[in-house]
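Asker: Before I ask anything, let me first share the structure, which is written out below as C-alpha cells.
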Protein chains: 2
Amino acid sequence: MLFTTATGYALRALAAMPEDGSYCLAKDLASRLELPGPYLAKILQGLVQADILESVRGPKGGFRLTRPAHRITVGEVVIALEGPNSMEGCIMGFPSCGGDHPCPLHDAWGAVKAQVATSMTEATIRDLQLMDLRNVKEGKGRPSDGRP
Amino acid sequence: MLFTTATGYALRALAAMPEDGSYCLAKDLASRLELPGPYLAKILQGLVQADILESVRGPKGGFRLTRPAHRITVGEVVIALEGPNSMEGCIMGFPSCGGDHPCPLHDAWGAVKAQVATSMTEATIRDLQLMDLRNVKEGKGRPSDGRP
DNA sequence: CTAATTTAAGACTTTAGAGTCCGTTTATAG
DNA sequence: CTATAAACGGACTCTAAAGTCTTAAATTAG
C-alpha cells in the first residue's frame with residue numbers, strides 16, 4: 001500500500017460512518033470493519049485533533065464527521081495522518097534525482113504522483129461511502145452483525 | 001519512497017559499479033555512495049543469490065554484474081529484494097477494492113502501477129549508470145574522497 | 001450522588017525493517 | 001605454509017510503526 005496502515009484504517013472508518021450525522025462508537029466501527037479496536041480509537045482521536053471528526057464522551061457519545069462527507073477529501077485525511085510530504089522524493093531513493101538530473105523513473109513517477117495527488121484532492125469521504133454501500137448491498141463486504 | 005531503502009541502496013550500488021566488468025569492493029561502494037558499509041554488503045550478497053551479481057572472496061575479490069548492465073532491469077532488482085507482489089493491493093488498503101468494486105483512487109492508482117511497472121521493466125542498470133555519470137561530471141553527485 | 005459508558009492521554013509491548021558485529025570460509029601474496 | 005583480504009552467514013541491536021493496556025475525565029441514567 002502507498003499509505004500507512006493507520007491512514008488506511010482511518011479512511012475505512014470514515015467511509016463507514018453513518019450518513020445521518022449521528023454519533024457512532026469506535027468499538028462498533030472496529031468490530032464492523034474487523035480492525036483492532038484500541039488502535040482504531042487512537043486513530044480516530046487523531047482525526048478529532050485534525051478537525052475531521054468531533055467527539056463526545058460518555059453514554060450516547062461517540063464520533064461523527066465535522067462536515068458533510070462530500071466536504072472532506074481523502075487528501076485531507078492523508079495529510080492529517082502522514083504529513084504534507086508523504087509522497088516526496090525519488091522513487092528509487094537517488095538523492096541526486098531531480099528536475100535536471102532525473103532518474104529513469106523520474107518522469108513516470110512524477111506523473112503518478114501528480115495523478116494520485118489530484119485524485120486525492122478530488123475524492124471525498126462521500127465517494128468512499130458510496131463504494132462501501134455498493135459492496136454491502138451486493139454481499140461482498142462486511143457481514144451484517146446478525147442482531148435483529 | 002515507494003521502495004524499501006534496501007532496494008534503493010541496491011540500485012544506487014549497481015549504478016555505481018564499474019562498467020568494464022572488473023570486481024569492486026562493497027567497502028568502496030559504500031564509502032563512495034556514503035551508505036552504511038555492512039548493510040550494503042549484506043544487500044549485495046542478496047543480489048548474488050538473485051544472480052544479479054557474482055562475487056569472489058579474498059584479495060582481488062569483490063562483486064561484479066553477471067551480465068552487461070543493459071541486460072539487468074530495475075524491475076528485476078526490485079523483485080529480487082521485495083518479491084513480486086510489492087505493488088499489489090488497494091492504495092488505501094480497502095480489502096474490498098477490486099475490478100468490480102473500485103475505490104475512488106482505484107483507476108488512478110492502477111494506471112500508476114502499470115506505468116511504473118512498465119518503466120521498471122524498460123529501465124536498466126545501464127540507464128542508472130548514465131544518470132549517475134551525468135551527476136558526477138557536473139559536480140552535483142558524490143564528493144571525491146579526497147585521497148591523493 | 002452514584003454507577004455505567006465512552007473518549008482522552010500516555011505508557012507499555014510487539015513486530016519488522018534497518019543496521020552492526022563477529023566468526024567462518026575462500027582466495028591471493030609472500 | 002602463513003598472513004592478509006575479502007565475501008559469507010548468522011546473531012545481535014536499534015528504531016519506528018503497529019497495537020495493547022491502564023488510568024483519568026466527561027457525560028448520561030437512575
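Residues in the C-alpha cells are named by chain (A, B, ... in the order shown) and by number from 1 within that chain; ligands are numbered from 1 in the order shown.
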Could you build a table of the residues in chain B lying no more than 9 Å from chain A, giving for each the nearest pair of atoms and their separation in Å rounded to one decimal place, using only C-alpha atoms, ordered by chain and ascending residue number, as a Markdown table?

Answerer:
```
| residue | atom | partner | partner_atom | distance |
| --- | --- | --- | --- | --- |
| B:Met1 | CA | A:Ile91 | CA | 4.9 |
| B:Leu2 | CA | A:Ile91 | CA | 5.3 |
| B:Phe3 | CA | A:Met92 | CA | 6.4 |
| B:Thr4 | CA | A:Met92 | CA | 8.5 |
| B:Thr5 | CA | A:Gly93 | CA | 7.2 |
| B:Thr7 | CA | A:Met92 | CA | 7.4 |
| B:Gly8 | CA | A:Met92 | CA | 4.9 |
| B:Tyr9 | CA | A:Gly93 | CA | 7.6 |
| B:Leu11 | CA | A:Met92 | CA | 7.3 |
| B:Arg12 | CA | A:Phe94 | CA | 6.8 |
| B:Ser86 | CA | A:Met1 | CA | 8.4 |
| B:Met87 | CA | A:Met1 | CA | 7.0 |
| B:Glu88 | CA | A:Met1 | CA | 7.4 |
| B:Gly89 | CA | A:Met1 | CA | 6.3 |
| B:Cys90 | CA | A:Met1 | CA | 6.4 |
| B:Ile91 | CA | A:Met1 | CA | 5.0 |
| B:Met92 | CA | A:Gly8 | CA | 4.9 |
| B:Gly93 | CA | A:Gly8 | CA | 5.1 |
| B:Phe94 | CA | A:Arg12 | CA | 6.8 |
| B:Pro95 | CA | A:Gly141 | CA | 8.6 |
| B:Ser96 | CA | A:Gly141 | CA | 6.4 |
| B:Cys97 | CA | A:Met131 | CA | 8.7 |
| B:His101 | CA | A:Asn135 | CA | 6.8 |
| B:Pro102 | CA | A:Met131 | CA | 7.3 |
| B:Cys103 | CA | A:Met131 | CA | 6.3 |
| B:Pro104 | CA | A:Ala123 | CA | 6.2 |
| B:Leu105 | CA | A:Ser119 | CA | 6.3 |
| B:Ala108 | CA | A:Val116 | CA | 6.3 |
| B:Trp109 | CA | A:Val116 | CA | 6.7 |
| B:Ala111 | CA | A:Val112 | CA | 8.1 |
| B:Val112 | CA | A:Val112 | CA | 5.1 |
| B:Lys113 | CA | A:Val112 | CA | 8.3 |
| B:Gln115 | CA | A:Ala108 | CA | 6.6 |
| B:Val116 | CA | A:Ala108 | CA | 6.3 |
| B:Ser119 | CA | A:Leu105 | CA | 6.3 |
| B:Met120 | CA | A:Leu105 | CA | 7.3 |
| B:Ala123 | CA | A:Pro104 | CA | 6.2 |
| B:Thr124 | CA | A:Pro104 | CA | 8.5 |
| B:Asp127 | CA | A:Pro104 | CA | 6.5 |
| B:Leu128 | CA | A:Cys103 | CA | 6.8 |
| B:Met131 | CA | A:Cys103 | CA | 6.3 |
| B:Asp132 | CA | A:Ser96 | CA | 8.4 |
| B:Arg134 | CA | A:His101 | CA | 7.4 |
| B:Asn135 | CA | A:His101 | CA | 6.8 |
| B:Lys140 | CA | A:Ser96 | CA | 7.3 |
| B:Gly141 | CA | A:Ser96 | CA | 6.2 |
| B:Arg142 | CA | A:Ser96 | CA | 8.8 |
```

Asker: If the cut-off is 6 Å, can you tell me the residues of chain B near chain C, counting only C-alpha atoms (C1' of nucleotides)? I'd like them as a compact mmCIF listing (two decimals) with C-alpha atoms, in the first residue's frame.

Answerer:
```txt
# COMPACT_ATOMS: atom_id res chain seq x y z
CA TYR B 39 24.37 -3.20 5.45
CA ARG B 57 36.29 -13.84 -1.96
CA GLY B 58 39.69 -12.90 -0.82
CA PRO B 59 42.19 -10.34 -2.05
```

Asker: Give me the least-squares superposed chain A (reference chain B; all C-alpha atoms paired in order) as a PDB file with C-alpha atoms, in the first residue's frame.

Answerer:
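This went into result-v3.pdb:
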```pdb
ATOM      1  CA  MET A   1       9.798   6.230  -1.328  1.00  0.00           C
ATOM      2  CA  LEU A   2       7.809   3.492  -3.004  1.00  0.00           C
ATOM      3  CA  PHE A   3      10.463   0.836  -2.401  1.00  0.00           C
ATOM      4  CA  THR A   4      12.276  -0.246   0.717  1.00  0.00           C
ATOM      5  CA  THR A   5      15.557   1.421   1.590  1.00  0.00           C
ATOM      6  CA  ALA A   6      17.365  -1.850   0.873  1.00  0.00           C
ATOM      7  CA  THR A   7      16.119  -1.749  -2.712  1.00  0.00           C
ATOM      8  CA  GLY A   8      17.135   1.877  -3.057  1.00  0.00           C
ATOM      9  CA  TYR A   9      20.614   1.087  -1.747  1.00  0.00           C
ATOM     10  CA  ALA A  10      20.903  -1.844  -4.141  1.00  0.00           C
ATOM     11  CA  LEU A  11      19.998   0.269  -7.145  1.00  0.00           C
ATOM     12  CA  ARG A  12      22.404   3.006  -6.155  1.00  0.00           C
ATOM     13  CA  ALA A  13      25.173   0.467  -5.659  1.00  0.00           C
ATOM     14  CA  LEU A  14      24.522  -1.199  -9.000  1.00  0.00           C
ATOM     15  CA  ALA A  15      24.549   2.185 -10.700  1.00  0.00           C
ATOM     16  CA  ALA A  16      27.944   2.884  -9.162  1.00  0.00           C
ATOM     17  CA  MET A  17      29.576  -0.386 -10.242  1.00  0.00           C
ATOM     18  CA  PRO A  18      32.497  -0.014 -12.637  1.00  0.00           C
ATOM     19  CA  GLU A  19      31.481  -0.280 -16.271  1.00  0.00           C
ATOM     20  CA  ASP A  20      34.461  -2.375 -17.319  1.00  0.00           C
ATOM     21  CA  GLY A  21      33.483  -5.554 -15.492  1.00  0.00           C
ATOM     22  CA  SER A  22      36.194  -5.310 -12.870  1.00  0.00           C
ATOM     23  CA  TYR A  23      35.480  -6.387  -9.321  1.00  0.00           C
ATOM     24  CA  CYS A  24      34.753  -3.745  -6.743  1.00  0.00           C
ATOM     25  CA  LEU A  25      34.508  -3.876  -2.992  1.00  0.00           C
ATOM     26  CA  ALA A  26      31.397  -3.474  -0.889  1.00  0.00           C
ATOM     27  CA  LYS A  27      33.414  -1.240   1.402  1.00  0.00           C
ATOM     28  CA  ASP A  28      34.365   1.111  -1.424  1.00  0.00           C
ATOM     29  CA  LEU A  29      30.842   1.331  -2.738  1.00  0.00           C
ATOM     30  CA  ALA A  30      29.558   2.110   0.720  1.00  0.00           C
ATOM     31  CA  SER A  31      32.032   4.897   1.334  1.00  0.00           C
ATOM     32  CA  ARG A  32      31.522   6.438  -2.089  1.00  0.00           C
ATOM     33  CA  LEU A  33      27.756   6.379  -1.724  1.00  0.00           C
ATOM     34  CA  GLU A  34      27.845   7.163   1.985  1.00  0.00           C
ATOM     35  CA  LEU A  35      25.793   4.109   2.859  1.00  0.00           C
ATOM     36  CA  PRO A  36      26.084   1.864   5.941  1.00  0.00           C
ATOM     37  CA  GLY A  37      28.844  -0.574   5.007  1.00  0.00           C
ATOM     38  CA  PRO A  38      27.803  -3.850   6.639  1.00  0.00           C
ATOM     39  CA  TYR A  39      24.217  -3.383   5.576  1.00  0.00           C
ATOM     40  CA  LEU A  40      25.162  -2.729   1.977  1.00  0.00           C
ATOM     41  CA  ALA A  41      27.381  -5.811   2.036  1.00  0.00           C
ATOM     42  CA  LYS A  42      24.454  -7.919   3.135  1.00  0.00           C
ATOM     43  CA  ILE A  43      22.277  -6.491   0.377  1.00  0.00           C
ATOM     44  CA  LEU A  44      24.932  -7.196  -2.235  1.00  0.00           C
ATOM     45  CA  GLN A  45      25.105 -10.776  -1.034  1.00  0.00           C
ATOM     46  CA  GLY A  46      21.400 -11.022  -1.673  1.00  0.00           C
ATOM     47  CA  LEU A  47      21.964  -9.801  -5.212  1.00  0.00           C
ATOM     48  CA  VAL A  48      24.506 -12.561  -5.675  1.00  0.00           C
ATOM     49  CA  GLN A  49      21.891 -15.147  -4.774  1.00  0.00           C
ATOM     50  CA  ALA A  50      19.515 -13.500  -7.242  1.00  0.00           C
ATOM     51  CA  ASP A  51      22.121 -13.935  -9.980  1.00  0.00           C
ATOM     52  CA  ILE A  52      22.433 -10.200 -10.496  1.00  0.00           C
ATOM     53  CA  LEU A  53      25.931  -9.971  -9.037  1.00  0.00           C
ATOM     54  CA  GLU A  54      28.770 -12.456  -8.793  1.00  0.00           C
ATOM     55  CA  SER A  55      31.483 -12.322  -6.191  1.00  0.00           C
ATOM     56  CA  VAL A  56      34.895 -13.660  -5.339  1.00  0.00           C
ATOM     57  CA  ARG A  57      36.365 -13.714  -1.864  1.00  0.00           C
ATOM     58  CA  GLY A  58      39.754 -12.669  -0.684  1.00  0.00           C
ATOM     59  CA  PRO A  59      42.240 -10.104  -1.904  1.00  0.00           C
ATOM     60  CA  LYS A  60      41.487  -8.829  -5.417  1.00  0.00           C
ATOM     61  CA  GLY A  61      37.978 -10.074  -4.867  1.00  0.00           C
ATOM     62  CA  GLY A  62      34.740  -8.153  -4.716  1.00  0.00           C
ATOM     63  CA  PHE A  63      31.491  -7.927  -6.658  1.00  0.00           C
ATOM     64  CA  ARG A  64      30.636  -7.418 -10.298  1.00  0.00           C
ATOM     65  CA  LEU A  65      27.592  -7.673 -12.533  1.00  0.00           C
ATOM     66  CA  THR A  66      26.813 -11.085 -13.986  1.00  0.00           C
ATOM     67  CA  ARG A  67      25.690  -9.449 -17.233  1.00  0.00           C
ATOM     68  CA  PRO A  68      26.171  -6.184 -19.099  1.00  0.00           C
ATOM     69  CA  ALA A  69      24.401  -3.373 -17.296  1.00  0.00           C
ATOM     70  CA  HIS A  70      21.901  -2.891 -20.102  1.00  0.00           C
ATOM     71  CA  ARG A  71      20.676  -6.453 -19.616  1.00  0.00           C
ATOM     72  CA  ILE A  72      19.672  -6.007 -15.963  1.00  0.00           C
ATOM     73  CA  THR A  73      16.398  -4.213 -15.424  1.00  0.00           C
ATOM     74  CA  VAL A  74      15.361  -2.165 -12.438  1.00  0.00           C
ATOM     75  CA  GLY A  75      12.300  -4.366 -12.137  1.00  0.00           C
ATOM     76  CA  GLU A  76      14.457  -7.443 -11.778  1.00  0.00           C
ATOM     77  CA  VAL A  77      16.256  -5.888  -8.832  1.00  0.00           C
ATOM     78  CA  VAL A  78      13.018  -4.801  -7.194  1.00  0.00           C
ATOM     79  CA  ILE A  79      11.554  -8.273  -7.534  1.00  0.00           C
ATOM     80  CA  ALA A  80      14.705  -9.881  -6.202  1.00  0.00           C
ATOM     81  CA  LEU A  81      14.570  -7.801  -3.028  1.00  0.00           C
ATOM     82  CA  GLU A  82      10.852  -7.241  -2.471  1.00  0.00           C
ATOM     83  CA  GLY A  83       9.174 -10.151  -4.158  1.00  0.00           C
ATOM     84  CA  PRO A  84       6.871 -10.075  -7.165  1.00  0.00           C
ATOM     85  CA  ASN A  85       3.809  -8.632  -5.404  1.00  0.00           C
ATOM     86  CA  SER A  86       5.225  -5.485  -3.863  1.00  0.00           C
ATOM     87  CA  MET A  87       2.767  -3.226  -5.672  1.00  0.00           C
ATOM     88  CA  GLU A  88      -0.386  -5.258  -5.274  1.00  0.00           C
ATOM     89  CA  GLY A  89      -3.441  -4.193  -3.391  1.00  0.00           C
ATOM     90  CA  CYS A  90      -5.660  -1.163  -2.976  1.00  0.00           C
ATOM     91  CA  ILE A  91      -3.810   2.117  -2.459  1.00  0.00           C
ATOM     92  CA  MET A  92      -6.009   2.906   0.537  1.00  0.00           C
ATOM     93  CA  GLY A  93      -6.122  -0.619   1.881  1.00  0.00           C
ATOM     94  CA  PHE A  94      -9.793  -1.253   1.173  1.00  0.00           C
ATOM     95  CA  PRO A  95     -10.077  -5.030   1.150  1.00  0.00           C
ATOM     96  CA  SER A  96     -13.157  -4.921  -1.051  1.00  0.00           C
ATOM     97  CA  CYS A  97     -11.551  -2.748  -3.709  1.00  0.00           C
ATOM     98  CA  GLY A  98     -11.333  -4.524  -7.037  1.00  0.00           C
ATOM     99  CA  GLY A  99     -12.329  -4.462 -10.651  1.00  0.00           C
ATOM    100  CA  ASP A 100     -16.059  -4.478 -10.000  1.00  0.00           C
ATOM    101  CA  HIS A 101     -15.953  -2.442  -6.777  1.00  0.00           C
ATOM    102  CA  PRO A 102     -13.250   0.111  -7.409  1.00  0.00           C
ATOM    103  CA  CYS A 103     -12.387   2.654  -4.765  1.00  0.00           C
ATOM    104  CA  PRO A 104     -12.260   6.272  -5.956  1.00  0.00           C
ATOM    105  CA  LEU A 105      -8.523   6.046  -6.461  1.00  0.00           C
ATOM    106  CA  HIS A 106      -8.571   2.598  -8.025  1.00  0.00           C
ATOM    107  CA  ASP A 107      -8.243   3.659 -11.645  1.00  0.00           C
ATOM    108  CA  ALA A 108      -5.670   6.347 -11.012  1.00  0.00           C
ATOM    109  CA  TRP A 109      -3.638   3.972  -8.906  1.00  0.00           C
ATOM    110  CA  GLY A 110      -3.957   1.179 -11.418  1.00  0.00           C
ATOM    111  CA  ALA A 111      -2.682   3.426 -14.178  1.00  0.00           C
ATOM    112  CA  VAL A 112       0.167   4.451 -11.955  1.00  0.00           C
ATOM    113  CA  LYS A 113       1.131   0.907 -11.156  1.00  0.00           C
ATOM    114  CA  ALA A 114       1.055  -0.074 -14.803  1.00  0.00           C
ATOM    115  CA  GLN A 115       3.147   2.919 -15.753  1.00  0.00           C
ATOM    116  CA  VAL A 116       5.718   2.280 -13.059  1.00  0.00           C
ATOM    117  CA  ALA A 117       5.817  -1.425 -13.843  1.00  0.00           C
ATOM    118  CA  THR A 118       6.469  -0.695 -17.492  1.00  0.00           C
ATOM    119  CA  SER A 119       9.153   1.827 -16.683  1.00  0.00           C
ATOM    120  CA  MET A 120      10.781  -0.645 -14.326  1.00  0.00           C
ATOM    121  CA  THR A 121      11.010  -3.366 -16.921  1.00  0.00           C
ATOM    122  CA  GLU A 122      12.357  -0.933 -19.489  1.00  0.00           C
ATOM    123  CA  ALA A 123      14.857   0.944 -17.359  1.00  0.00           C
ATOM    124  CA  THR A 124      18.152  -0.871 -16.875  1.00  0.00           C
ATOM    125  CA  ILE A 125      21.130  -0.484 -14.632  1.00  0.00           C
ATOM    126  CA  ARG A 126      22.853   1.113 -17.605  1.00  0.00           C
ATOM    127  CA  ASP A 127      20.348   3.937 -17.501  1.00  0.00           C
ATOM    128  CA  LEU A 128      21.118   4.435 -13.833  1.00  0.00           C
ATOM    129  CA  GLN A 129      24.843   4.508 -14.539  1.00  0.00           C
ATOM    130  CA  LEU A 130      24.347   7.202 -17.127  1.00  0.00           C
ATOM    131  CA  MET A 131      22.337   9.319 -14.757  1.00  0.00           C
ATOM    132  CA  ASP A 132      24.958   8.841 -12.093  1.00  0.00           C
ATOM    133  CA  LEU A 133      27.732   9.880 -14.455  1.00  0.00           C
ATOM    134  CA  ARG A 134      25.874  13.043 -15.374  1.00  0.00           C
ATOM    135  CA  ASN A 135      25.691  13.999 -11.731  1.00  0.00           C
ATOM    136  CA  VAL A 136      29.339  13.340 -11.063  1.00  0.00           C
ATOM    137  CA  LYS A 137      30.506  15.279 -14.103  1.00  0.00           C
ATOM    138  CA  GLU A 138      28.538  18.324 -13.086  1.00  0.00           C
ATOM    139  CA  GLY A 139      29.785  18.122  -9.529  1.00  0.00           C
ATOM    140  CA  LYS A 140      26.457  17.513  -7.882  1.00  0.00           C
ATOM    141  CA  GLY A 141      26.934  13.913  -6.852  1.00  0.00           C
ATOM    142  CA  ARG A 142      29.355  12.159  -4.603  1.00  0.00           C
ATOM    143  CA  PRO A 143      32.577  13.928  -3.718  1.00  0.00           C
ATOM    144  CA  SER A 144      35.726  12.543  -5.258  1.00  0.00           C
ATOM    145  CA  ASP A 145      37.693  10.680  -2.646  1.00  0.00           C
ATOM    146  CA  GLY A 146      40.706  12.956  -2.836  1.00  0.00           C
ATOM    147  CA  ARG A 147      43.270  10.268  -3.525  1.00  0.00           C
ATOM    148  CA  PRO A 148      45.703  11.390  -6.224  1.00  0.00           C
TER     149      PRO A 148
END
```

Asker: Residues of chain B classed as alpha helix (DSSP H) by DSSP on the backbone are to be reported as a ChimeraX atom specification.

Answerer: /B:5-15,26-33,37-49,74-82,106-122,125-137

Asker: Mind listing as a compact mmCIF listing (two decimals) with C-alpha atoms (C1' of nucleotides), in the first residue's frame which residues of chain D are within 6 Å of chain B, counting only C-alpha atoms (C1' of nucleotides)?

Answerer:
```
# COMPACT_ATOMS: atom_id res chain seq x y z
C1' DA D 5 41.96 -9.54 2.42
C1' DA D 6 37.75 -10.19 1.07
C1' DA D 7 32.76 -12.32 0.86
```

Asker: DSSP says strand (DSSP E) for which residues of region 2-148 of chain B? Put them as a list of chain:residue names?

Answerer: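 Matching residues, listed in order: B:Leu53, B:Glu54, B:Ser55, B:Val56, B:Gly62, B:Phe63, B:Arg64, B:Leu65.
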